[in-house]
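The block underneath contains the structure these notes are about, expressed in structure tokens.
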Amino acid sequence: MIYYSHAKEENGLKTGSRLLKQHLSGVFDKALSSLYPKLNISIENQNLTEFIKDLTCFHDLGKYTTFFQRYLLGEEVNRKLKSHSLLGAICLINKHKEYPFYAALLYLLVIHHHNNFQSIADSRLFMNDLDENNSLLTQIKDIENNVHDIGIELPEQDIGSLLKIPDPDVQKNIRKTIRYLIIKNASIQYYFTINYLFSLLIEADKLDASETLHYSRKTLPEKAVEIFIGRPGTVDTQTIDDISGYEQNKLRNWVRLAVIKNIINEEITANNIFTLTAPTGIGKTLTVLDFALRLKKIIRQNENFEPQIIYGLPFINIIEQCLSVYNEVFKNTTVNVLGHYQYADVFGEDKQNEGYNQKLMQLNTWQSDIVVTSFVQFFETLISNKNKMLLKFNHLAGSIVILDEVQTIRLEQIPLLGAVLFYLTKYLHTRVILMTATKPKIFELANKEILEPEGERARPYELLKDYEKVFKKFNRTKIVPLLDKPVFTSEEFYKIFVSKREGNRSCLIVCNTVQRSVDIYNELNKWGIAPLYYLSTNIVPAVRLKIIQSLKKDLRTGKAPVLVSTQVVEAGVDLDFDVGFRDLGPVDSIVQVAGRINRENTKKRELSPLYIVDFHKEKSGSESAIIYDSLSREQVLKALRGKTEIPEKDYLGLIEDYFSNISEIEAFHKARYFYRSLKTLKYDGDDFAVNKFRIIEESPWAVPVFVELNDEAVNARNAFNLLLTGKISKENFDRNYKKIFHQYIIAVPGHLPGVREIKLNGWNLTENLWYIPYEKIADYYTKNTGFIRVSLKEEIVCIL
């Protein structure tokens, strides 16, 4: 008999497309080729090849039943009889019954390989009622007839002796071992062991099933950044005390050289956790890439392994900005740079040559040399039970992970993420580089709240040793608090704006709420301020990039534009204004806005001001307390009160004092609860189970709305309707319309009158996705400020 693992359908007829023996062999080869050689997990490295051999050999053993083979070729078969995971899992228990930890681990990995991982404490997972499982007994009886054939195809010689329900004593011993792991000897090492091995299996399985090539990473050009922007020049002879008065590019070169000189330090190979603390606008993106490429060469030489470079960022706009830079750096090379984020184009520039399934699989499994991805993709892979997310978990092993703009991480999550990053470096030997201009206490809080009680301590290696002195060399901006009295109306703010702008200077205004930003824009527009721009998540993404491009052009040509915005411009957006205003907010957010002012360190604009105002609502008080919380607000006021101005050289001290004070107040109980779930393998269940972790807090009131703004949007919406009705394929939609379609979706508060009207009119594309028809745009959306937010109720703030 011929046994198949997968089938294809042509003209309504199903035929086998992949021999089962070839699939099992292919999964083993792919898993083995992905195996990182310097793991520190719960299985000795010398035993891993045999472990993976058993794991991949038995994971689809149940496909040798006639039930599965008939189902594969189109017959109706009982659901339990065609299932194929449990049969291989019990064989592995029988094979390794003398080693209950191995047996239990193999069993769990195999039974979950098509599903999300469940909590290990769930008794349903551990062979309850196996003796009464009639479907399993029927499968065993069926497959016994094929033992001879299976023995020829598999590397397992005595398969027949393993095809039985494990003895009661064996089952009891397995359950006892599991209880020991999660109760008496709980260790987060087991989490990394399970997720890594599970990832190896499911990635190899899906790559082989989809006929997607396993990418072999290349040796990258070590000096690619140097070739792109040139050598640092003569600054290597200068000390930190010599660089006062340097223009911006020379300062960037000095910092870049100071960072990459770390490569010759023997401590580099002994450290896995690095930080790069440097002011905004100093060129951290290219500096850290330069360092990573040189570090990659050392790893290759020492370990005979090509690490993947994984660059994580919080927002789509700066992900795409970073991708653009990386593609320029490697433009004339064969380096494969992959962008993976919410609306990433499956096909990239190649719309024709490769199949849809293969392209999608390459994207979801990070088949590349370099990955530029979102914090959502990175952290929800690192802390996850989801099959789809864990596909790429194994790529973290031995990789070089760069996390930029880490100050955007919510304070309550910092101890958890710092601790998990520490264990990532400990068990999977990942090199982690955290970059920021505001130095949140990630590892300090991780040590205090989680690691030190576990007998551990993270000791990050700072790549810019003199960063404090570097900060003090900058005099680009100053923070000027205007907090004597709150600002209630847009008219009040306009008076402040006119008095402080001081002539025709370019200006950035950052508000905490979308509604406030719209009101400020309308007020300035009323007074004829021009050129005037608006930017927030109230505008469809398709338009935001065009706004930024127009802004940059006006800034370059000296037109002195004014931009009214929200927090969307705080991190990574490369804009340079003369003066700024910001609503009261966390100190690190204030400093990020200051980074968009005199960004290029022009001498004549020295100490350009960022004015801090405190917008209030008549009934609910300070908008900063609504957006953040009253404790954060009090700490900001404590930091700013009594100061007429704070020059840039003092920003670092201001930030450190703020984080010290606020971290003393925050309880961090959620971080500890999530950590406990990781340690006890609670993959699902209560509110703090692994599957409940989200890097971005979900907004229950946010409603996604598609805006049929122009012909491009109309065509994308029509294509989406064709997809829903089955008139075009998902491949066709993804290839030609998906990225465009998502560029016209915004999330807005569901309480707004416009949203209620849209729902009453029945303008929905799916149950949870609404739309504004092209002919009704003027009633709900303006080209200047986006969705019309006039509300009959007090505003519920949108901070997306």
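We name chains A, B, ... following the order of the structure tokens; residues begin at 1 in each chain, and ligands are numbered from 1 as shown.
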>> Need to verify the contact set: range 526-528 of chain A, 12 Å, only C-alpha atoms, exclusion of same-chain residues closer than 4 positions in sequence. Can you return it as a list in words?
In response: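 Final neighbour list, sorted by chain and number: Ser490, Glu491, Tyr494, Lys495, Phe497, Val498, Asp519, Ile520, Tyr521, Asn522, Leu532 and Val562 of chain A.
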Please, could you write that set of residues out with all heavy atoms as an mmCIF file, in the first residue's frame?
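File written: again18.cif
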data_model
loop_
_atom_site.group_PDB
_atom_site.id
_atom_site.type_symbol
_atom_site.label_atom_id
_atom_site.label_comp_id
_atom_site.auth_asym_id
_atom_site.auth_seq_id
_atom_site.Cartn_x
_atom_site.Cartn_y
_atom_site.Cartn_z
ATOM 1 N N SER A 490 -9.503 75.672 23.233
ATOM 2 C CA SER A 490 -8.596 75.866 22.110
ATOM 3 C C SER A 490 -8.237 77.339 21.950
ATOM 4 O O SER A 490 -7.120 77.670 21.526
ATOM 5 C CB SER A 490 -9.247 75.344 20.822
ATOM 6 O OG SER A 490 -9.549 73.981 20.941
ATOM 7 N N GLU A 491 -9.168 78.208 22.297
ATOM 8 C CA GLU A 491 -8.887 79.642 22.215
ATOM 9 C C GLU A 491 -7.786 80.022 23.187
ATOM 10 O O GLU A 491 -6.897 80.833 22.867
ATOM 11 C CB GLU A 491 -10.162 80.451 22.519
ATOM 12 C CG GLU A 491 -11.244 80.345 21.454
ATOM 13 C CD GLU A 491 -12.116 79.094 21.621
ATOM 14 O OE1 GLU A 491 -11.848 78.289 22.542
ATOM 15 O OE2 GLU A 491 -13.063 78.940 20.829
ATOM 16 N N TYR A 494 -4.529 78.920 21.740
ATOM 17 C CA TYR A 494 -4.088 79.738 20.610
ATOM 18 C C TYR A 494 -3.315 80.963 21.099
ATOM 19 O O TYR A 494 -2.304 81.354 20.509
ATOM 20 C CB TYR A 494 -5.290 80.168 19.761
ATOM 21 C CG TYR A 494 -4.885 81.068 18.611
ATOM 22 C CD1 TYR A 494 -4.190 80.561 17.521
ATOM 23 C CD2 TYR A 494 -5.165 82.433 18.654
ATOM 24 C CE1 TYR A 494 -3.787 81.389 16.481
ATOM 25 C CE2 TYR A 494 -4.767 83.273 17.614
ATOM 26 C CZ TYR A 494 -4.076 82.742 16.524
ATOM 27 O OH TYR A 494 -3.666 83.568 15.505
ATOM 28 N N LYS A 495 -3.774 81.560 22.176
ATOM 29 C CA LYS A 495 -3.069 82.725 22.727
ATOM 30 C C LYS A 495 -1.656 82.340 23.181
ATOM 31 O O LYS A 495 -0.688 83.089 22.961
ATOM 32 C CB LYS A 495 -3.860 83.312 23.890
ATOM 33 C CG LYS A 495 -5.186 83.929 23.474
ATOM 34 C CD LYS A 495 -5.972 84.412 24.685
ATOM 35 C CE LYS A 495 -7.329 84.985 24.266
ATOM 36 N NZ LYS A 495 -8.135 85.414 25.447
ATOM 37 N N PHE A 497 0.059 79.798 22.007
ATOM 38 C CA PHE A 497 0.775 79.456 20.772
ATOM 39 C C PHE A 497 1.351 80.708 20.111
ATOM 40 O O PHE A 497 2.530 80.760 19.739
ATOM 41 C CB PHE A 497 -0.190 78.731 19.831
ATOM 42 C CG PHE A 497 0.301 78.557 18.426
ATOM 43 C CD1 PHE A 497 1.199 77.547 18.107
ATOM 44 C CD2 PHE A 497 -0.122 79.415 17.412
ATOM 45 C CE1 PHE A 497 1.649 77.388 16.812
ATOM 46 C CE2 PHE A 497 0.319 79.260 16.113
ATOM 47 C CZ PHE A 497 1.216 78.242 15.809
ATOM 48 N N VAL A 498 0.528 81.736 19.972
ATOM 49 C CA VAL A 498 0.964 82.966 19.306
ATOM 50 C C VAL A 498 2.096 83.637 20.094
ATOM 51 O O VAL A 498 3.078 84.116 19.524
ATOM 52 C CB VAL A 498 -0.227 83.932 19.123
ATOM 53 C CG1 VAL A 498 0.253 85.298 18.641
ATOM 54 C CG2 VAL A 498 -1.228 83.347 18.140
ATOM 55 N N ASP A 519 -9.609 69.707 17.740
ATOM 56 C CA ASP A 519 -10.054 71.048 18.147
ATOM 57 C C ASP A 519 -8.931 72.074 17.954
ATOM 58 O O ASP A 519 -9.184 73.203 17.485
ATOM 59 C CB ASP A 519 -10.504 71.038 19.611
ATOM 60 C CG ASP A 519 -11.774 70.228 19.826
ATOM 61 O OD1 ASP A 519 -12.477 69.955 18.822
ATOM 62 O OD2 ASP A 519 -12.048 69.865 20.983
ATOM 63 N N ILE A 520 -7.710 71.703 18.313
ATOM 64 C CA ILE A 520 -6.578 72.621 18.170
ATOM 65 C C ILE A 520 -6.327 72.898 16.687
ATOM 66 O O ILE A 520 -6.108 74.053 16.283
ATOM 67 C CB ILE A 520 -5.310 72.040 18.821
ATOM 68 C CG1 ILE A 520 -5.486 71.920 20.334
ATOM 69 C CG2 ILE A 520 -4.075 72.866 18.468
ATOM 70 C CD1 ILE A 520 -5.629 73.228 21.057
ATOM 71 N N TYR A 521 -6.377 71.875 15.866
ATOM 72 C CA TYR A 521 -6.189 72.066 14.421
ATOM 73 C C TYR A 521 -7.236 73.048 13.877
ATOM 74 O O TYR A 521 -6.904 73.985 13.136
ATOM 75 C CB TYR A 521 -6.282 70.738 13.682
ATOM 76 C CG TYR A 521 -6.202 70.889 12.174
ATOM 77 C CD1 TYR A 521 -4.982 70.838 11.509
ATOM 78 C CD2 TYR A 521 -7.361 71.128 11.417
ATOM 79 C CE1 TYR A 521 -4.908 71.008 10.134
ATOM 80 C CE2 TYR A 521 -7.299 71.302 10.040
ATOM 81 C CZ TYR A 521 -6.070 71.239 9.409
ATOM 82 O OH TYR A 521 -6.000 71.423 8.053
ATOM 83 N N ASN A 522 -8.490 72.837 14.242
ATOM 84 C CA ASN A 522 -9.564 73.695 13.723
ATOM 85 C C ASN A 522 -9.386 75.138 14.180
ATOM 86 O O ASN A 522 -9.660 76.079 13.419
ATOM 87 C CB ASN A 522 -10.921 73.158 14.162
ATOM 88 C CG ASN A 522 -11.282 71.868 13.448
ATOM 89 O OD1 ASN A 522 -10.804 71.600 12.348
ATOM 90 N ND2 ASN A 522 -12.122 71.048 14.070
ATOM 91 N N LEU A 532 -0.480 74.210 7.461
ATOM 92 C CA LEU A 532 -0.965 73.531 8.660
ATOM 93 C C LEU A 532 -1.274 72.074 8.331
ATOM 94 O O LEU A 532 -1.969 71.797 7.358
ATOM 95 C CB LEU A 532 -2.218 74.238 9.181
ATOM 96 C CG LEU A 532 -2.877 73.685 10.438
ATOM 97 C CD1 LEU A 532 -1.937 73.767 11.634
ATOM 98 C CD2 LEU A 532 -4.179 74.450 10.727
ATOM 99 N N VAL A 562 3.231 73.932 10.531
ATOM 100 C CA VAL A 562 2.764 73.605 11.877
ATOM 101 C C VAL A 562 2.060 72.252 11.797
ATOM 102 O O VAL A 562 1.181 72.055 10.954
ATOM 103 C CB VAL A 562 1.801 74.673 12.421
ATOM 104 C CG1 VAL A 562 1.203 74.240 13.757
ATOM 105 C CG2 VAL A 562 2.517 76.011 12.552
#
>> Please list as a list in words every residue within 10 Å of Leu451 in chain A, counting only C-alpha atoms and excluding residues in the same chain fewer than 2 positions away.
In response: Pro415, Leu416, Gly418, Ala419, Val420, Phe422, Tyr423, Phe443, Glu444, Leu445, Ala446, Asn447, Lys448, Glu449, Pro453, Glu454, Gly455, Glu456, Arg457 and Ala458 of chain A
> To one decimal place, how far is CA of Ile479 in chain A from CA of Ile627 in chain A in Å?
Replying inline: 21.0 Å
> Which residues in range 463-666 of chain A does DSSP call helix (DSSP H, G or I)? List them as a PyMOL selection string.
Replying inline: chain A and resi 467-472+490-501+514-526+541-556+567-569+587-594+603-605+623-627+630-640+648-665
> If you run DSSP on the backbone, which residues of range 408-513 of chain A are strand (DSSP E), as a list in words?
Replying inline: Arg431, Val432, Ile433, Leu434, Met435, Thr436, Tyr461, Glu462, Thr477, Lys478, Ile479, Val480, Pro481, Cys507, Leu508, Ile509 and Val510 of chain A
Output file for the residues above (all heavy atoms, as a compact mmCIF listing (two decimals), in the first residue's frame):
# COMPACT_ATOMS: atom_id res chain seq x y z
N ARG A 431 21.35 36.88 21.74
CA ARG A 431 21.94 38.17 22.09
C ARG A 431 20.86 39.23 21.94
O ARG A 431 20.27 39.36 20.87
CB ARG A 431 23.12 38.51 21.19
CG ARG A 431 24.42 37.84 21.58
CD ARG A 431 24.47 36.40 21.15
NE ARG A 431 25.79 35.81 21.34
CZ ARG A 431 26.11 34.59 20.97
NH1 ARG A 431 25.22 33.80 20.38
NH2 ARG A 431 27.32 34.13 21.18
N VAL A 432 20.61 39.98 23.00
CA VAL A 432 19.54 40.99 23.01
C VAL A 432 20.16 42.37 23.18
O VAL A 432 20.97 42.58 24.08
CB VAL A 432 18.54 40.71 24.14
CG1 VAL A 432 17.53 41.86 24.26
CG2 VAL A 432 17.80 39.40 23.90
N ILE A 433 19.77 43.28 22.29
CA ILE A 433 20.23 44.67 22.38
C ILE A 433 19.01 45.57 22.52
O ILE A 433 18.14 45.59 21.65
CB ILE A 433 21.01 45.08 21.11
CG1 ILE A 433 22.14 44.08 20.80
CG2 ILE A 433 21.58 46.49 21.27
CD1 ILE A 433 22.79 44.29 19.45
N LEU A 434 18.92 46.29 23.63
CA LEU A 434 17.82 47.23 23.85
C LEU A 434 18.31 48.65 23.56
O LEU A 434 19.35 49.07 24.07
CB LEU A 434 17.31 47.17 25.30
CG LEU A 434 16.77 45.84 25.80
CD1 LEU A 434 16.10 46.04 27.15
CD2 LEU A 434 15.79 45.22 24.83
N MET A 435 17.55 49.38 22.75
CA MET A 435 17.93 50.74 22.38
C MET A 435 16.87 51.73 22.85
O MET A 435 15.67 51.48 22.72
CB MET A 435 18.07 50.88 20.87
CG MET A 435 19.22 50.10 20.27
SD MET A 435 19.70 50.79 18.68
CE MET A 435 18.18 50.64 17.77
N THR A 436 17.34 52.86 23.38
CA THR A 436 16.41 53.88 23.82
C THR A 436 17.15 55.18 24.07
O THR A 436 18.36 55.18 24.30
CB THR A 436 15.68 53.46 25.12
OG1 THR A 436 14.78 54.48 25.52
CG2 THR A 436 16.66 53.19 26.24
N TYR A 461 25.22 44.93 29.37
CA TYR A 461 26.48 45.55 28.97
C TYR A 461 26.13 46.78 28.13
O TYR A 461 25.51 46.66 27.07
CB TYR A 461 27.30 44.55 28.15
CG TYR A 461 28.64 45.03 27.63
CD1 TYR A 461 29.82 44.63 28.24
CD2 TYR A 461 28.72 45.85 26.52
CE1 TYR A 461 31.06 45.04 27.76
CE2 TYR A 461 29.95 46.28 26.02
CZ TYR A 461 31.11 45.87 26.65
OH TYR A 461 32.33 46.28 26.17
N GLU A 462 26.49 47.96 28.60
CA GLU A 462 26.18 49.21 27.88
C GLU A 462 27.19 49.43 26.76
O GLU A 462 28.40 49.46 27.00
CB GLU A 462 26.19 50.40 28.84
CG GLU A 462 26.01 51.75 28.18
CD GLU A 462 24.73 51.88 27.37
OE1 GLU A 462 23.64 51.57 27.91
OE2 GLU A 462 24.82 52.28 26.19
N THR A 477 17.69 71.37 22.71
CA THR A 477 16.35 71.77 23.15
C THR A 477 16.32 72.03 24.65
O THR A 477 17.26 71.73 25.39
CB THR A 477 15.33 70.67 22.83
OG1 THR A 477 15.69 69.46 23.53
CG2 THR A 477 15.26 70.39 21.34
N LYS A 478 15.20 72.56 25.08
CA LYS A 478 14.91 72.70 26.51
C LYS A 478 13.42 72.48 26.72
O LYS A 478 12.59 72.77 25.84
CB LYS A 478 15.33 74.08 27.01
CG LYS A 478 14.60 75.24 26.33
CD LYS A 478 15.12 76.58 26.84
CE LYS A 478 14.41 77.75 26.11
NZ LYS A 478 14.94 79.06 26.54
N ILE A 479 13.07 71.92 27.85
CA ILE A 479 11.67 71.73 28.23
C ILE A 479 11.27 72.92 29.09
O ILE A 479 11.94 73.26 30.07
CB ILE A 479 11.49 70.41 29.00
CG1 ILE A 479 11.79 69.22 28.09
CG2 ILE A 479 10.07 70.31 29.57
CD1 ILE A 479 11.91 67.90 28.84
N VAL A 480 10.15 73.56 28.70
CA VAL A 480 9.68 74.75 29.41
C VAL A 480 8.27 74.48 29.94
O VAL A 480 7.30 74.51 29.17
CB VAL A 480 9.68 75.98 28.49
CG1 VAL A 480 9.26 77.22 29.29
CG2 VAL A 480 11.05 76.20 27.86
N PRO A 481 8.13 74.19 31.24
CA PRO A 481 6.78 73.93 31.78
C PRO A 481 5.95 75.22 31.87
O PRO A 481 6.44 76.25 32.36
CB PRO A 481 7.07 73.39 33.19
CG PRO A 481 8.53 72.99 33.18
CD PRO A 481 9.19 73.94 32.23
N CYS A 507 6.55 74.33 13.78
CA CYS A 507 6.05 74.02 15.13
C CYS A 507 5.35 72.66 15.17
O CYS A 507 4.60 72.31 14.26
CB CYS A 507 5.08 75.12 15.56
SG CYS A 507 4.42 74.90 17.22
N LEU A 508 5.60 71.91 16.24
CA LEU A 508 4.94 70.63 16.50
C LEU A 508 4.08 70.77 17.75
O LEU A 508 4.55 71.25 18.79
CB LEU A 508 5.99 69.54 16.71
CG LEU A 508 5.49 68.18 17.22
CD1 LEU A 508 4.55 67.52 16.20
CD2 LEU A 508 6.66 67.26 17.53
N ILE A 509 2.83 70.34 17.64
CA ILE A 509 1.90 70.36 18.78
C ILE A 509 1.40 68.94 19.00
O ILE A 509 0.80 68.34 18.11
CB ILE A 509 0.72 71.31 18.51
CG1 ILE A 509 1.22 72.72 18.21
CG2 ILE A 509 -0.26 71.32 19.69
CD1 ILE A 509 0.16 73.62 17.58
N VAL A 510 1.64 68.38 20.20
CA VAL A 510 1.25 67.01 20.49
C VAL A 510 0.23 66.99 21.62
O VAL A 510 0.50 67.48 22.73
CB VAL A 510 2.48 66.14 20.88
CG1 VAL A 510 2.04 64.73 21.26
CG2 VAL A 510 3.47 66.10 19.72
>> Would you pick out the contacts of Phe741 in chain A at 9 Å or less, using only C-alpha atoms, so that residues sharing its chain but fewer than 3 positions from it are not included, and give the list as a ChimeraX atom specification?
In response: /A:706,712-713,715-717,719-720,737-738,744-745
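Summary of the local environment: counting only C-alpha atoms, residues at most 10 Å from range 171-173 of chain A, other than itself and those fewer than 2 positions away along its chain, are A:Ile90, A:Ile93, A:Asn94, A:Lys97, A:Glu98, A:Tyr99, A:Pro100, A:Phe101, A:Ala104, A:Phe126, A:Met127, A:Asn128, A:Leu130, A:Ile165, A:Pro166, A:Asp167, A:Pro168, A:Asp169, A:Arg175, A:Lys176, A:Thr177, A:Ile178, A:Arg179.
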Please write the residues from the selection above to a file, keeping C-alpha atoms, as an mmCIF file, in the first residue's frame.
data_model
loop_
_atom_site.group_PDB
_atom_site.id
_atom_site.type_symbol
_atom_site.label_atom_id
_atom_site.label_comp_id
_atom_site.auth_asym_id
_atom_site.auth_seq_id
_atom_site.Cartn_x
_atom_site.Cartn_y
_atom_site.Cartn_z
ATOM 1 C CA ILE A 90 1.332 6.818 23.091
ATOM 2 C CA ILE A 93 5.434 6.931 25.949
ATOM 3 C CA ASN A 94 5.936 3.193 25.499
ATOM 4 C CA LYS A 97 8.733 4.590 29.642
ATOM 5 C CA GLU A 98 12.005 4.237 31.555
ATOM 6 C CA TYR A 99 12.597 7.982 31.113
ATOM 7 C CA PRO A 100 9.295 9.570 32.154
ATOM 8 C CA PHE A 101 10.424 13.177 31.551
ATOM 9 C CA ALA A 104 5.934 13.101 28.888
ATOM 10 C CA PHE A 126 -2.552 12.949 30.456
ATOM 11 C CA MET A 127 -4.012 9.756 29.136
ATOM 12 C CA ASN A 128 -7.203 9.802 31.186
ATOM 13 C CA LEU A 130 -7.071 5.690 27.477
ATOM 14 C CA ILE A 165 -2.158 1.523 25.481
ATOM 15 C CA PRO A 166 0.578 2.320 28.041
ATOM 16 C CA ASP A 167 0.399 0.152 31.144
ATOM 17 C CA PRO A 168 -1.353 1.716 34.189
ATOM 18 C CA ASP A 169 1.933 1.973 36.106
ATOM 19 C CA ARG A 175 1.370 11.929 35.609
ATOM 20 C CA LYS A 176 3.588 11.981 38.694
ATOM 21 C CA THR A 177 6.449 13.422 36.638
ATOM 22 C CA ILE A 178 4.236 16.164 35.269
ATOM 23 C CA ARG A 179 2.991 17.141 38.721
#
> In terms of the shortest atom-to-atom distance over only C-alpha atoms, which of A:Leu293, A:Leu313, A:Cys91, A:Ala270 is closest to Lys164 in chain A?
Replying inline: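 Nearest candidate to Lys164 in chain A out of A:Leu293, A:Leu313, A:Cys91, A:Ala270: A:Cys91.
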>> as a VMD selection string, please: the residues near Ser5 in chain A (cut-off 9 Å, only C-alpha atoms, same-chain neighbours under 2 positions excluded).
In response: chain A and resid 3 7 16 to 24 60 63 to 64 69 72 209
>> So that I can check the surroundings of Ser589 in chain A, please list as a PyMOL selection string every protein, DNA and RNA residue that reaches within 10 Å of it, counting only C-alpha atoms and ignoring chain neighbours fewer than 5 positions away.
In response: chain A and resi 407-408+438+567+570-571+582+584+594-595+655
Residues from last step as file, C-alpha atoms, as an mmCIF file, in the first residue's frame:
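The resulting out.cif:
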data_model
loop_
_atom_site.group_PDB
_atom_site.id
_atom_site.type_symbol
_atom_site.label_atom_id
_atom_site.label_comp_id
_atom_site.auth_asym_id
_atom_site.auth_seq_id
_atom_site.Cartn_x
_atom_site.Cartn_y
_atom_site.Cartn_z
ATOM 1 C CA GLN A 407 10.347 53.150 26.287
ATOM 2 C CA THR A 408 6.980 52.555 24.568
ATOM 3 C CA THR A 438 15.087 57.497 27.714
ATOM 4 C CA GLN A 567 1.456 60.439 20.456
ATOM 5 C CA GLU A 570 6.653 60.433 19.612
ATOM 6 C CA ALA A 571 8.880 57.544 18.581
ATOM 7 C CA ARG A 582 3.038 69.035 24.330
ATOM 8 C CA LEU A 584 1.335 66.992 30.033
ATOM 9 C CA ALA A 594 11.714 66.995 22.274
ATOM 10 C CA GLY A 595 13.573 64.645 19.938
ATOM 11 C CA ILE A 655 14.133 60.626 33.246
#
>> Using Å and a single decimal, report how far CA of Thr15 in chain A sits from CA of Ser729 in chain A.
In response: 21.5 Å
> Which one of A:Leu765, A:Leu363, A:Ile282, A:Val288 sits closest to Leu251 in chain A if you count only C-alpha atoms?
Replying inline: A:Ile282
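Interatomic distance, CA of Phe488 in chain A against CA of Tyr628 in chain A: 18.3 Å.
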Give me the range 336-432 of chain A side of the contact with range 182-206 of chain A, cut-off 7 Å, one line per residue showing its nearest atom pair and distance in Å at one decimal, counting only C-alpha atoms, sorted by chain and residue number, as a Markdown table.
| residue | atom | partner | partner_atom | distance |
| --- | --- | --- | --- | --- |
| A:Thr365 | CA | A:Glu203 | CA | 6.9 |
| A:Leu390 | CA | A:Ser199 | CA | 5.5 |
| A:Leu391 | CA | A:Glu203 | CA | 5.0 |
| A:Lys392 | CA | A:Ser199 | CA | 6.5 |
| A:Phe393 | CA | A:Ser199 | CA | 5.7 |
| A:Asn394 | CA | A:Tyr196 | CA | 5.1 |
| A:Tyr427 | CA | A:Gln189 | CA | 6.9 |
